[in-house]
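So this block is protein-v5.cif, mmCIF, C-alpha atoms:
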data_model
loop_
_atom_site.label_atom_id
_atom_site.label_comp_id
_atom_site.auth_asym_id
_atom_site.auth_seq_id
_atom_site.Cartn_x
_atom_site.Cartn_y
_atom_site.Cartn_z
CA MET A 1 -10.93 19.51 3.54
CA VAL A 2 -13.41 18.19 0.96
CA GLU A 3 -11.29 19.47 -1.94
CA ARG A 4 -8.24 17.56 -0.67
CA ILE A 5 -10.00 14.31 0.25
CA ALA A 6 -12.37 13.85 -2.72
CA PRO A 7 -9.61 12.84 -5.21
CA VAL A 8 -8.31 10.32 -2.66
CA LEU A 9 -11.71 8.62 -2.44
CA VAL A 10 -12.16 8.65 -6.23
CA PHE A 11 -8.74 7.04 -6.63
CA LEU A 12 -9.61 4.40 -4.02
CA ILE A 13 -12.84 3.43 -5.80
CA ALA A 14 -11.33 3.41 -9.30
CA VAL A 15 -8.23 1.37 -8.45
CA THR A 16 -10.32 -1.20 -6.58
CA VAL A 17 -12.55 -1.68 -9.64
CA ILE A 18 -9.46 -2.09 -11.84
CA ALA A 19 -8.07 -4.78 -9.54
CA GLU A 20 -11.34 -6.69 -9.30
CA LEU A 21 -11.88 -6.77 -13.06
CA ALA A 22 -8.24 -7.59 -13.83
CA ASP A 23 -8.55 -10.50 -11.42
CA GLN A 24 -11.63 -11.73 -13.29
CA ALA A 25 -9.64 -11.56 -16.55
CA LYS A 26 -6.98 -13.93 -15.09
CA VAL A 27 -4.25 -11.29 -15.23
CA PHE A 28 -3.03 -12.16 -11.75
CA ASP A 29 -3.12 -15.93 -12.26
CA VAL A 30 -0.94 -15.65 -15.35
CA ALA A 31 1.42 -13.18 -13.65
CA ALA A 32 1.80 -15.58 -10.74
CA ARG A 33 2.73 -18.42 -13.08
CA GLU A 34 5.35 -16.32 -14.86
CA ALA A 35 6.90 -15.23 -11.57
CA ALA A 36 7.08 -18.86 -10.43
CA HIS A 37 8.78 -19.81 -13.69
CA LEU A 38 11.45 -17.11 -13.32
CA ALA A 39 12.28 -18.26 -9.78
CA ARG A 40 12.92 -21.85 -11.01
CA GLY A 41 11.47 -23.68 -8.04
CA ARG A 42 13.17 -21.83 -5.17
CA VAL A 43 10.99 -19.91 -2.74
CA TRP A 44 13.76 -17.50 -1.72
CA ARG A 45 14.27 -16.45 -5.35
CA LEU A 46 10.54 -16.09 -5.81
CA TRP A 47 10.36 -13.98 -2.67
CA LEU A 48 13.14 -11.66 -3.85
CA LEU A 49 11.23 -11.20 -7.08
CA VAL A 50 8.12 -10.28 -5.09
CA VAL A 51 10.22 -7.85 -3.00
CA ALA A 52 11.39 -6.13 -6.20
CA LEU A 53 7.87 -6.05 -7.63
CA ALA A 54 6.32 -4.71 -4.43
CA THR A 55 9.00 -2.04 -4.05
CA GLY A 56 8.81 -0.90 -7.67
CA LEU A 57 5.03 -0.98 -7.80
CA THR A 58 4.75 1.01 -4.58
CA ILE A 59 7.26 3.64 -5.65
CA VAL A 60 5.76 4.17 -9.11
CA LEU A 61 2.07 3.33 -8.68
CA SER A 62 1.51 4.10 -4.95
CA LEU A 63 1.09 1.81 -1.99
CA ASP A 64 -2.67 1.48 -2.51
CA THR A 65 -2.12 0.20 -6.04
CA CYS A 66 0.46 -2.26 -4.74
CA ALA A 67 -1.99 -3.53 -2.13
CA VAL A 68 -4.75 -3.94 -4.70
CA LEU A 69 -2.81 -5.22 -7.73
CA LEU A 70 0.07 -7.23 -6.29
CA THR A 71 -1.64 -8.89 -3.33
CA PRO A 72 -3.92 -11.02 -5.56
CA VAL A 73 -0.85 -12.01 -7.60
CA VAL A 74 1.15 -13.29 -4.66
CA LEU A 75 -1.80 -15.02 -2.99
CA SER A 76 -2.76 -16.73 -6.25
CA MET A 77 0.86 -17.73 -6.69
CA ALA A 78 1.10 -19.18 -3.18
CA ARG A 79 -2.11 -21.13 -3.76
CA GLN A 80 -0.85 -22.57 -7.05
CA LEU A 81 2.54 -23.52 -5.59
CA GLN A 82 1.19 -24.79 -2.26
CA ILE A 83 3.39 -22.36 -0.32
CA PRO A 84 2.24 -20.84 3.02
CA PRO A 85 0.80 -17.49 1.88
CA LYS A 86 1.69 -15.27 4.85
CA LEU A 87 5.30 -14.74 3.73
CA PHE A 88 4.10 -13.12 0.51
CA ALA A 89 1.08 -11.44 2.05
CA PHE A 90 3.19 -9.62 4.65
CA THR A 91 5.83 -8.79 2.06
CA THR A 92 3.31 -6.87 -0.03
CA VAL A 93 1.60 -5.02 2.81
CA TRP A 94 4.79 -4.10 4.66
CA LEU A 95 6.63 -2.89 1.56
CA ALA A 96 3.50 -1.06 0.44
CA GLY A 97 4.02 1.05 3.55
CA THR A 98 7.77 1.22 4.00
CA ALA A 99 8.66 1.63 0.31
CA SER A 100 6.24 4.54 -0.06
CA LEU A 101 8.57 7.36 1.00
CA LEU A 102 10.60 7.94 -2.17
CA LEU A 103 8.29 9.78 -4.61
CA PRO A 104 5.24 12.01 -4.11
CA VAL A 105 3.07 9.52 -6.03
CA SER A 106 4.21 6.62 -3.82
CA ASN A 107 1.69 7.48 -1.12
CA LEU A 108 -1.43 9.62 -0.94
CA THR A 109 0.00 11.27 2.18
CA ASN A 110 3.01 12.30 0.08
CA LEU A 111 0.68 13.89 -2.45
CA LEU A 112 -1.02 15.80 0.34
CA ALA A 113 2.41 16.90 1.63
CA LEU A 114 3.78 17.94 -1.75
CA HIS A 115 2.41 21.48 -1.58
CA GLN A 116 4.26 22.03 1.71
CA PHE A 117 7.57 20.99 0.14
CA ARG A 118 6.88 23.39 -2.74
CA GLN A 119 6.16 26.20 -0.29
CA LEU A 120 9.43 25.39 1.47
CA ASP A 121 11.19 25.43 -1.96
CA THR A 122 12.60 21.94 -1.37
CA SER A 123 12.69 18.95 -3.70
CA PHE A 124 10.74 16.05 -2.21
CA ILE A 125 13.21 13.36 -3.30
CA SER A 126 16.21 15.29 -1.97
CA VAL A 127 14.83 14.72 1.53
CA SER A 128 13.18 11.33 1.00
CA TRP A 129 15.82 9.15 -0.65
CA ARG A 130 17.88 8.21 2.42
CA PRO A 131 14.99 7.28 4.74
CA ALA A 132 13.31 5.48 1.81
CA ILE A 133 16.33 3.23 1.23
CA ALA A 134 16.73 2.57 4.96
CA SER A 135 13.08 1.65 5.44
CA ILE A 136 13.10 -0.80 2.51
CA LEU A 137 16.29 -2.55 3.63
CA ILE A 138 15.11 -2.90 7.23
CA THR A 139 11.79 -4.34 6.07
CA VAL A 140 13.49 -6.95 3.89
CA VAL A 141 15.79 -8.03 6.73
CA VAL A 142 12.91 -8.37 9.20
CA LEU A 143 10.82 -10.36 6.71
CA ALA A 144 13.73 -12.72 6.03
CA ALA A 145 14.23 -13.26 9.76
CA LEU A 146 10.54 -13.90 10.53
CA PHE A 147 9.90 -16.24 7.60
CA HIS A 148 13.31 -17.90 7.19
CA ARG A 149 11.83 -21.41 7.32
CA ASP A 150 9.45 -20.69 4.42
CA LEU A 151 12.31 -19.25 2.38
CA ARG A 152 14.04 -22.65 2.35
CA ARG A 153 11.15 -24.35 0.58
CA THR A 154 11.04 -25.54 -3.02
CA TYR A 155 8.10 -25.98 -5.36
CA ALA A 156 7.13 -27.50 -8.68
CA VAL A 157 6.40 -24.92 -11.40
CA PRO A 158 2.74 -25.28 -12.45
CA ALA A 159 1.31 -25.07 -15.95
CA THR A 160 0.12 -21.72 -17.24
CA PRO A 161 -3.58 -21.27 -16.37
CA PRO A 162 -5.92 -21.10 -19.38
CA VAL A 163 -7.19 -17.70 -20.50
CA GLU A 164 -10.82 -17.89 -21.57
CA ASP A 165 -11.06 -14.44 -23.12
CA LYS A 166 -7.84 -13.00 -24.53
CA VAL A 167 -9.47 -9.64 -25.27
CA LEU A 168 -10.36 -9.18 -21.61
CA PHE A 169 -6.98 -10.50 -20.53
CA TRP A 170 -4.86 -8.21 -22.70
CA GLY A 171 -7.17 -5.25 -22.18
CA SER A 172 -6.97 -5.60 -18.40
CA ALA A 173 -3.22 -6.23 -18.47
CA GLY A 174 -2.74 -3.16 -20.65
CA VAL A 175 -4.69 -0.94 -18.26
CA CYS A 176 -2.63 -2.17 -15.29
CA VAL A 177 0.66 -1.53 -17.12
CA LEU A 178 -0.39 1.93 -18.34
CA MET A 179 -1.24 3.04 -14.81
CA GLY A 180 2.50 3.39 -14.13
CA PRO A 181 3.39 6.16 -16.59
CA ALA A 182 -0.01 7.75 -16.06
CA PHE A 183 0.55 8.11 -12.31
CA VAL A 184 4.03 9.62 -12.70
CA SER A 185 2.96 12.02 -15.45
CA GLY A 186 2.07 14.75 -12.96
CA VAL A 187 -1.67 14.49 -13.60
CA GLU A 188 -3.96 14.16 -10.57
CA VAL A 189 -3.92 10.39 -9.95
CA ALA A 190 -7.71 10.16 -9.70
CA TYR A 191 -8.04 10.96 -13.43
CA PRO A 192 -6.03 8.08 -14.95
CA ALA A 193 -7.40 5.66 -12.34
CA THR A 194 -10.96 6.65 -13.26
CA ALA A 195 -10.19 6.40 -16.97
CA GLY A 196 -8.72 2.92 -16.49
CA ALA A 197 -11.73 1.76 -14.48
CA LEU A 198 -14.16 3.09 -17.10
CA ILE A 199 -12.26 1.37 -19.92
CA LEU A 200 -12.49 -1.98 -18.14
CA VAL A 201 -16.14 -1.50 -17.23
CA VAL A 202 -17.00 -0.85 -20.88
CA LEU A 203 -14.87 -3.81 -22.00
CA PHE A 204 -16.56 -6.17 -19.55
CA ALA A 205 -20.00 -4.77 -20.43
CA ILE A 206 -19.34 -5.89 -23.99
CA ARG A 207 -17.56 -9.20 -23.30
CA ARG A 208 -18.79 -10.44 -19.90
CA ARG A 209 -21.59 -8.34 -18.46
CA SER A 210 -22.35 -10.79 -15.62
CA VAL A 211 -19.17 -9.77 -13.80
CA LEU A 212 -20.33 -6.16 -13.39
CA ARG A 213 -22.09 -5.77 -10.05
CA TRP A 214 -22.38 -3.13 -7.35
CA SER A 215 -20.20 -5.17 -4.98
CA LEU A 216 -17.19 -4.16 -7.11
CA LEU A 217 -17.36 -0.77 -5.39
CA PRO A 218 -15.55 -0.63 -2.01
CA TYR A 219 -18.39 1.25 -0.33
CA LYS A 220 -17.53 -0.02 3.15
CA LEU A 221 -13.99 1.34 2.85
CA VAL A 222 -15.25 4.67 1.54
CA ILE A 223 -17.69 5.02 4.44
CA THR A 224 -14.94 4.10 6.90
CA VAL A 225 -12.58 6.72 5.48
CA ILE A 226 -15.26 9.44 5.50
CA VAL A 227 -16.07 8.69 9.14
CA LEU A 228 -12.38 8.82 10.10
CA PHE A 229 -11.84 12.16 8.35
CA THR A 230 -14.99 13.56 9.94
CA VAL A 231 -13.85 12.55 13.42
CA VAL A 232 -10.37 14.00 12.96
CA GLY A 233 -11.80 17.18 11.46
CA PHE A 234 -14.06 17.61 14.46
CA LEU A 235 -11.20 17.00 16.89
CA SER A 236 -8.95 19.42 14.99
CA ASP A 237 -11.56 22.13 15.45
CA HIS A 238 -11.56 21.46 19.19
CA GLY A 239 -7.91 21.63 20.20
CA LEU A 240 -6.33 18.56 18.62
CA GLU A 241 -3.59 20.56 16.89
CA ASN A 242 -2.36 22.10 20.14
CA LEU A 243 -2.39 18.71 21.85
CA LEU A 244 -0.41 17.09 19.03
CA ARG A 245 2.07 19.96 18.99
CA HIS A 246 2.68 19.42 22.69
CA ILE A 247 3.08 15.65 22.33
CA ALA A 248 5.28 15.78 19.22
CA GLY A 249 7.50 18.57 20.48
CA THR A 250 9.38 20.98 18.27
CA THR A 251 12.91 19.57 18.05
CA SER A 252 13.03 15.75 17.93
CA ASN A 253 12.22 14.17 14.56
CA LEU A 254 11.96 10.73 16.17
CA ARG A 255 9.41 12.01 18.67
CA LEU A 256 7.41 13.54 15.83
CA SER A 257 7.52 10.28 13.84
CA ALA A 258 6.48 8.24 16.86
CA THR A 259 3.54 10.53 17.54
CA ALA A 260 2.48 10.33 13.89
CA ALA A 261 2.76 6.53 13.97
CA VAL A 262 0.48 6.31 17.01
CA GLY A 263 -2.04 8.61 15.33
CA ALA A 264 -1.99 6.57 12.12
CA ASN A 265 -2.62 3.33 13.98
CA LEU A 266 -5.49 4.88 15.92
CA PHE A 267 -7.22 6.85 13.14
CA ASP A 268 -5.69 5.76 9.76
CA ASN A 269 -2.68 7.49 8.25
CA LEU A 270 -4.47 9.99 5.99
CA PRO A 271 -6.48 11.77 8.70
CA ALA A 272 -3.47 11.45 11.03
CA TYR A 273 -1.33 13.24 8.46
CA LEU A 274 -3.87 16.04 8.00
CA ALA A 275 -4.19 16.48 11.76
CA MET A 276 -0.41 16.75 12.24
CA GLU A 277 0.56 18.69 9.12
CA PRO A 278 0.50 22.08 10.91
CA VAL A 279 2.88 20.69 13.55
CA ALA A 280 5.56 19.88 10.93
CA SER A 281 4.99 22.38 8.13
CA ASN A 282 7.86 24.72 9.07
CA SER A 283 10.67 22.38 7.91
CA PRO A 284 11.18 19.83 5.11
CA HIS A 285 12.92 17.45 7.51
CA ARG A 286 10.04 17.75 9.97
CA MET A 287 7.62 17.07 7.11
CA MET A 288 9.57 13.95 6.14
CA ALA A 289 9.66 12.81 9.77
CA LEU A 290 5.88 13.14 9.80
CA LEU A 291 5.64 11.06 6.60
CA ILE A 292 7.94 8.41 8.07
CA GLY A 293 5.53 8.11 10.98
CA VAL A 294 2.32 7.89 8.97
CA ASN A 295 3.75 5.82 6.08
CA CYS A 296 6.10 3.38 7.82
CA GLY A 297 4.67 3.47 11.33
CA CYS A 298 1.08 2.56 10.45
CA LEU A 299 1.70 -1.21 10.35
CA LEU A 300 0.37 -2.15 13.78
CA THR A 301 -3.38 -2.08 13.16
CA LEU A 302 -5.40 -3.37 10.23
CA TRP A 303 -6.95 0.08 9.77
CA GLY A 304 -3.64 1.99 9.92
CA SER A 305 -3.82 2.92 6.23
CA LEU A 306 -6.07 2.60 3.21
CA ALA A 307 -3.51 0.22 1.73
CA THR A 308 -3.81 -2.10 4.72
CA LEU A 309 -7.60 -2.08 4.48
CA LEU A 310 -7.40 -2.85 0.76
CA TRP A 311 -4.83 -5.58 1.42
CA ARG A 312 -7.00 -7.17 4.11
CA ALA A 313 -9.96 -7.17 1.70
CA ARG A 314 -7.83 -8.96 -0.93
CA CYS A 315 -6.67 -11.50 1.69
CA ASP A 316 -10.27 -12.16 2.72
CA ALA A 317 -11.26 -12.62 -0.93
CA ALA A 318 -8.47 -15.20 -1.30
CA ARG A 319 -9.51 -16.90 1.97
CA VAL A 320 -6.23 -16.08 3.69
CA ASP A 321 -6.96 -15.42 7.35
CA ILE A 322 -4.94 -12.55 8.85
CA SER A 323 -6.12 -11.91 12.41
CA TRP A 324 -5.63 -8.56 14.10
CA TRP A 325 -3.32 -10.24 16.63
CA SER A 326 -1.03 -11.87 14.04
CA PHE A 327 -0.79 -8.52 12.26
CA LEU A 328 -0.09 -6.67 15.51
CA TRP A 329 2.67 -8.86 16.93
CA ARG A 330 4.61 -8.89 13.69
CA GLY A 331 4.13 -5.14 13.37
CA LEU A 332 5.53 -4.64 16.88
CA ILE A 333 8.77 -6.18 15.64
CA LEU A 334 9.01 -4.19 12.40
CA THR A 335 7.59 -0.77 13.23
CA PRO A 336 10.05 0.48 15.90
CA LEU A 337 13.00 -0.69 13.83
CA VAL A 338 11.87 0.82 10.53
CA VAL A 339 10.72 4.14 12.00
CA THR A 340 13.92 4.57 14.03
CA GLY A 341 16.13 3.53 11.11
CA ALA A 342 14.39 5.86 8.66
CA VAL A 343 14.61 8.82 11.06
CA LEU A 344 18.33 8.15 11.69
CA ALA A 345 18.86 8.10 7.91
CA LEU A 346 16.93 11.36 7.60
CA ASN A 347 18.96 13.04 10.32
CA GLY A 348 22.22 11.71 8.86
#

What is this file in structure tokens?
Amino acid sequence: MVERIAPVLVFLIAVTVIAELADQAKVFDVAAREAAHLARGRVWRLWLLVVALATGLTIVLSLDTCAVLLTPVVLSMARQLQIPPKLFAFTTVWLAGTASLLLPVSNLTNLLALHQFRQLDTSFISVSWRPAIASILITVVVLAALFHRDLRRTYAVPATPPVEDKVLFWGSAGVCVLMGPAFVSGVEVAYPATAGALILVVLFAIRRRSVLRWSLLPYKLVITVIVLFTVVGFLSDHGLENLLRHIAGTTSNLRLSATAAVGANLFDNLPAYLAMEPVASNSPHRMMALLIGVNCGCLLTLWGSLATLLWRARCDAARVDISWWSFLWRGLILTPLVVTGAVLALNG
């Protein structure tokens, strides 16, 4: 268990440090201004651009990276343009989950599952592409329906924010851009994330030492994750696997996905995946149904995934209030639709 979870925690810490320091270097403020310029004053065009960014960033850099790197961009952008921020906030967090089925690197649960697909001699993407497309399209439709009034708005394009230190700005921007090819190179994702974090720490130590502080480390999230894994590990040693096998059944992929979704919302999607992996490991389609449940079905509770916890932390830092109730009621609309649609696409 420790060997499988340690790289996940290292990745979480490193990518959070990268996001915090890139934010200090004004990378996200400038990116927000450029996005607003491309959309030419129309919120719906700006939103479609954010949809494309969130989808691409999730697929290539993982949902956790999307939650950490893109959320500050869209919230800064909404603040600059005086647009209600929840449209863009929910776009990033929902697509961080539902767009994370396509590639192994798109989600840490996918990385954990990859060895099972290799043992089953099945290409991951050959099973994932149809449910991935379905889940993205359903998410976009639901977002458009829920926030249709905001999509009609217009805005005045603001001036580009000043960059105080161009060395920090371009260094931070370069690290963020290079994470993409590094994460799809096949190397354990914790290594490039750690390298990127160390590069920025050294750069800030030289240029702006005052920014470096212990609060950059997401220690509360790390402690939370360790506790969750410990609890699930204990329960797994005391009959949890047999109980989950009974609840999930052995034939219905939708039943398996629904069970996984409930587990993710109760315990977080990573420990939920590990607890249910033995239940689905005999078939690539069963494995993908499990991933649909823990990736797309974890959007009911604020602790349903690491990405959601990271996203909530970025919202809090930007003073955007997302209550557990507002997150839950919107998730109750999306989750059944996206899980059912993705499973139907898988079965088709």

- Message: Could you list, as a VMD selection string, every residue within 9 Å of Val294 (chain A), counting all atoms listed in the file and ignoring same-chain residues fewer than 6 positions away?
- Response: chain A and resid 97 109 257 to 258 260 to 265 268 to 270 272 to 273 304 to 305

- Message: Applying 8 Å and all atoms listed in the file, which residues near region 226-242 of chain A remain after dropping the ones on its own chain fewer than 2 positions away? List them as a ChimeraX atom specification.
- Response: /A:222-224,244-246,267-268,271-272,275-276,278-279

- Task: Using only C-alpha atoms, determine which residues lie at most 10 Å from Pro104 (chain A), disregarding the query and same-chain residues fewer than 6 positions distant; provide the list as a VMD selection string.
- Result: chain A and resid 59 to 60 62 110 to 114 124 to 125 128 184 186

- Task: Step by step, work through what the PyMOL selection byres ((chain A and resi 66-75) around 6) selects in the shown file, and finish by giving those residues as a PyMOL selection string.
- Result: chain A and resi 19+28+32+57-58+63-65+76-78+88+307+311

- Item | Contact residues around Leu95 (chain A) with only C-alpha atoms at 9 Å, ignoring same-chain residues under 2 positions, as a list in words | Val51, Ala54, Thr55, Thr58, Leu63, Cys66, Phe90, Thr91, Thr92, Val93, Gly97, Thr98, Ala99, Ser100, Ser135, Ile136, Thr139, Val140 and Cys296 of chain A

- Query: What do you get, as a VMD selection string, if you spell out every residue that the PyMOL selection byres ((chain A and resi 326-340) around 6) selects here?
  - Reply: chain A and resid 135 138 297 299 to 300 323 to 325 341 to 343

- Task: Could you give me, as a PyMOL selection string, the residues within 9 Å of region 150-157 of chain A, counting all atoms listed in the file and dropping anything in the same chain fewer than 2 positions from it?
- Result: chain A and resi 33+36-37+40-47+80-84+87+144+147-148+159

- Message: Residue by residue, what does the PyMOL selection byres ((chain A and resi 189-194) around 6) grab here? Present the result as a list in words.
- Response: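 Selected by the PyMOL selection byres ((chain A and resi 189-194) around 6) here: Pro7, Val10, Phe11, Ala14, Val15, Phe183, Val187, Glu188, Ala195, Gly196 and Ala197 of chain A.
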
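In this structure, CA of Val177 (chain A) sits 19.3 Å away from CA of Leu38 (chain A).
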
- Select, from A:Leu61, A:Leu290, A:Ala145, A:Val30, the residue with the minimum atom-to-atom distance to Phe169 (chain A), counting only C-alpha atoms. A:Val30

When you get a chance, write out all heavy atoms for region 332-342 of chain A, as a PDB file, keeping the file's coordinate frame.
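Wrote part_29.pdb, looks like this:
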ATOM      1  N   LEU A 332       4.767  -5.122  15.724  1.00  0.00           N
ATOM      2  CA  LEU A 332       5.530  -4.640  16.880  1.00  0.00           C
ATOM      3  C   LEU A 332       7.020  -4.927  16.731  1.00  0.00           C
ATOM      4  O   LEU A 332       7.844  -4.262  17.365  1.00  0.00           O
ATOM      5  CB  LEU A 332       4.997  -5.308  18.155  1.00  0.00           C
ATOM      6  CG  LEU A 332       3.646  -4.787  18.660  1.00  0.00           C
ATOM      7  CD1 LEU A 332       3.117  -5.666  19.782  1.00  0.00           C
ATOM      8  CD2 LEU A 332       3.757  -3.339  19.112  1.00  0.00           C
ATOM      9  N   ILE A 333       7.363  -5.910  15.921  1.00  0.00           N
ATOM     10  CA  ILE A 333       8.770  -6.180  15.640  1.00  0.00           C
ATOM     11  C   ILE A 333       9.303  -5.207  14.593  1.00  0.00           C
ATOM     12  O   ILE A 333      10.377  -4.613  14.741  1.00  0.00           O
ATOM     13  CB  ILE A 333       8.957  -7.635  15.150  1.00  0.00           C
ATOM     14  CG1 ILE A 333       8.553  -8.622  16.254  1.00  0.00           C
ATOM     15  CG2 ILE A 333      10.409  -7.882  14.713  1.00  0.00           C
ATOM     16  CD1 ILE A 333       8.525 -10.068  15.799  1.00  0.00           C
ATOM     17  N   LEU A 334       8.541  -5.019  13.517  1.00  0.00           N
ATOM     18  CA  LEU A 334       9.010  -4.190  12.400  1.00  0.00           C
ATOM     19  C   LEU A 334       8.970  -2.696  12.697  1.00  0.00           C
ATOM     20  O   LEU A 334       9.954  -1.983  12.454  1.00  0.00           O
ATOM     21  CB  LEU A 334       8.169  -4.482  11.152  1.00  0.00           C
ATOM     22  CG  LEU A 334       8.445  -3.550   9.963  1.00  0.00           C
ATOM     23  CD1 LEU A 334       9.800  -3.868   9.343  1.00  0.00           C
ATOM     24  CD2 LEU A 334       7.346  -3.640   8.922  1.00  0.00           C
ATOM     25  N   THR A 335       7.849  -2.215  13.200  1.00  0.00           N
ATOM     26  CA  THR A 335       7.590  -0.770  13.230  1.00  0.00           C
ATOM     27  C   THR A 335       8.642   0.032  13.980  1.00  0.00           C
ATOM     28  O   THR A 335       9.145   1.038  13.446  1.00  0.00           O
ATOM     29  CB  THR A 335       6.188  -0.498  13.791  1.00  0.00           C
ATOM     30  OG1 THR A 335       5.222  -1.169  12.976  1.00  0.00           O
ATOM     31  CG2 THR A 335       5.888   0.986  13.791  1.00  0.00           C
ATOM     32  N   PRO A 336       9.023  -0.331  15.219  1.00  0.00           N
ATOM     33  CA  PRO A 336      10.050   0.480  15.900  1.00  0.00           C
ATOM     34  C   PRO A 336      11.373   0.507  15.149  1.00  0.00           C
ATOM     35  O   PRO A 336      12.051   1.540  15.107  1.00  0.00           O
ATOM     36  CB  PRO A 336      10.198  -0.230  17.262  1.00  0.00           C
ATOM     37  CG  PRO A 336       8.952  -1.015  17.440  1.00  0.00           C
ATOM     38  CD  PRO A 336       8.538  -1.430  16.074  1.00  0.00           C
ATOM     39  N   LEU A 337      11.731  -0.623  14.548  1.00  0.00           N
ATOM     40  CA  LEU A 337      13.000  -0.690  13.830  1.00  0.00           C
ATOM     41  C   LEU A 337      12.975   0.185  12.583  1.00  0.00           C
ATOM     42  O   LEU A 337      13.927   0.945  12.317  1.00  0.00           O
ATOM     43  CB  LEU A 337      13.296  -2.146  13.431  1.00  0.00           C
ATOM     44  CG  LEU A 337      13.586  -3.118  14.578  1.00  0.00           C
ATOM     45  CD1 LEU A 337      13.707  -4.542  14.035  1.00  0.00           C
ATOM     46  CD2 LEU A 337      14.856  -2.722  15.305  1.00  0.00           C
ATOM     47  N   VAL A 338      11.905   0.093  11.802  1.00  0.00           N
ATOM     48  CA  VAL A 338      11.870   0.820  10.530  1.00  0.00           C
ATOM     49  C   VAL A 338      11.697   2.316  10.749  1.00  0.00           C
ATOM     50  O   VAL A 338      12.318   3.128  10.040  1.00  0.00           O
ATOM     51  CB  VAL A 338      10.782   0.238   9.596  1.00  0.00           C
ATOM     52  CG1 VAL A 338       9.391   0.664  10.021  1.00  0.00           C
ATOM     53  CG2 VAL A 338      11.029   0.637   8.154  1.00  0.00           C
ATOM     54  N   VAL A 339      10.892   2.710  11.719  1.00  0.00           N
ATOM     55  CA  VAL A 339      10.720   4.140  12.000  1.00  0.00           C
ATOM     56  C   VAL A 339      12.030   4.750  12.525  1.00  0.00           C
ATOM     57  O   VAL A 339      12.479   5.804  12.056  1.00  0.00           O
ATOM     58  CB  VAL A 339       9.571   4.372  12.991  1.00  0.00           C
ATOM     59  CG1 VAL A 339       9.552   5.819  13.478  1.00  0.00           C
ATOM     60  CG2 VAL A 339       8.238   4.032  12.343  1.00  0.00           C
ATOM     61  N   THR A 340      12.649   4.067  13.477  1.00  0.00           N
ATOM     62  CA  THR A 340      13.920   4.570  14.030  1.00  0.00           C
ATOM     63  C   THR A 340      15.007   4.636  12.958  1.00  0.00           C
ATOM     64  O   THR A 340      15.731   5.624  12.836  1.00  0.00           O
ATOM     65  CB  THR A 340      14.385   3.687  15.192  1.00  0.00           C
ATOM     66  OG1 THR A 340      13.380   3.650  16.201  1.00  0.00           O
ATOM     67  CG2 THR A 340      15.681   4.222  15.799  1.00  0.00           C
ATOM     68  N   GLY A 341      15.115   3.557  12.160  1.00  0.00           N
ATOM     69  CA  GLY A 341      16.130   3.530  11.110  1.00  0.00           C
ATOM     70  C   GLY A 341      15.933   4.618  10.065  1.00  0.00           C
ATOM     71  O   GLY A 341      16.893   5.258   9.627  1.00  0.00           O
ATOM     72  N   ALA A 342      14.673   4.829   9.663  1.00  0.00           N
ATOM     73  CA  ALA A 342      14.390   5.860   8.660  1.00  0.00           C
ATOM     74  C   ALA A 342      14.680   7.253   9.202  1.00  0.00           C
ATOM     75  O   ALA A 342      15.226   8.120   8.481  1.00  0.00           O
ATOM     76  CB  ALA A 342      12.932   5.751   8.197  1.00  0.00           C
TER      77      ALA A 342
END
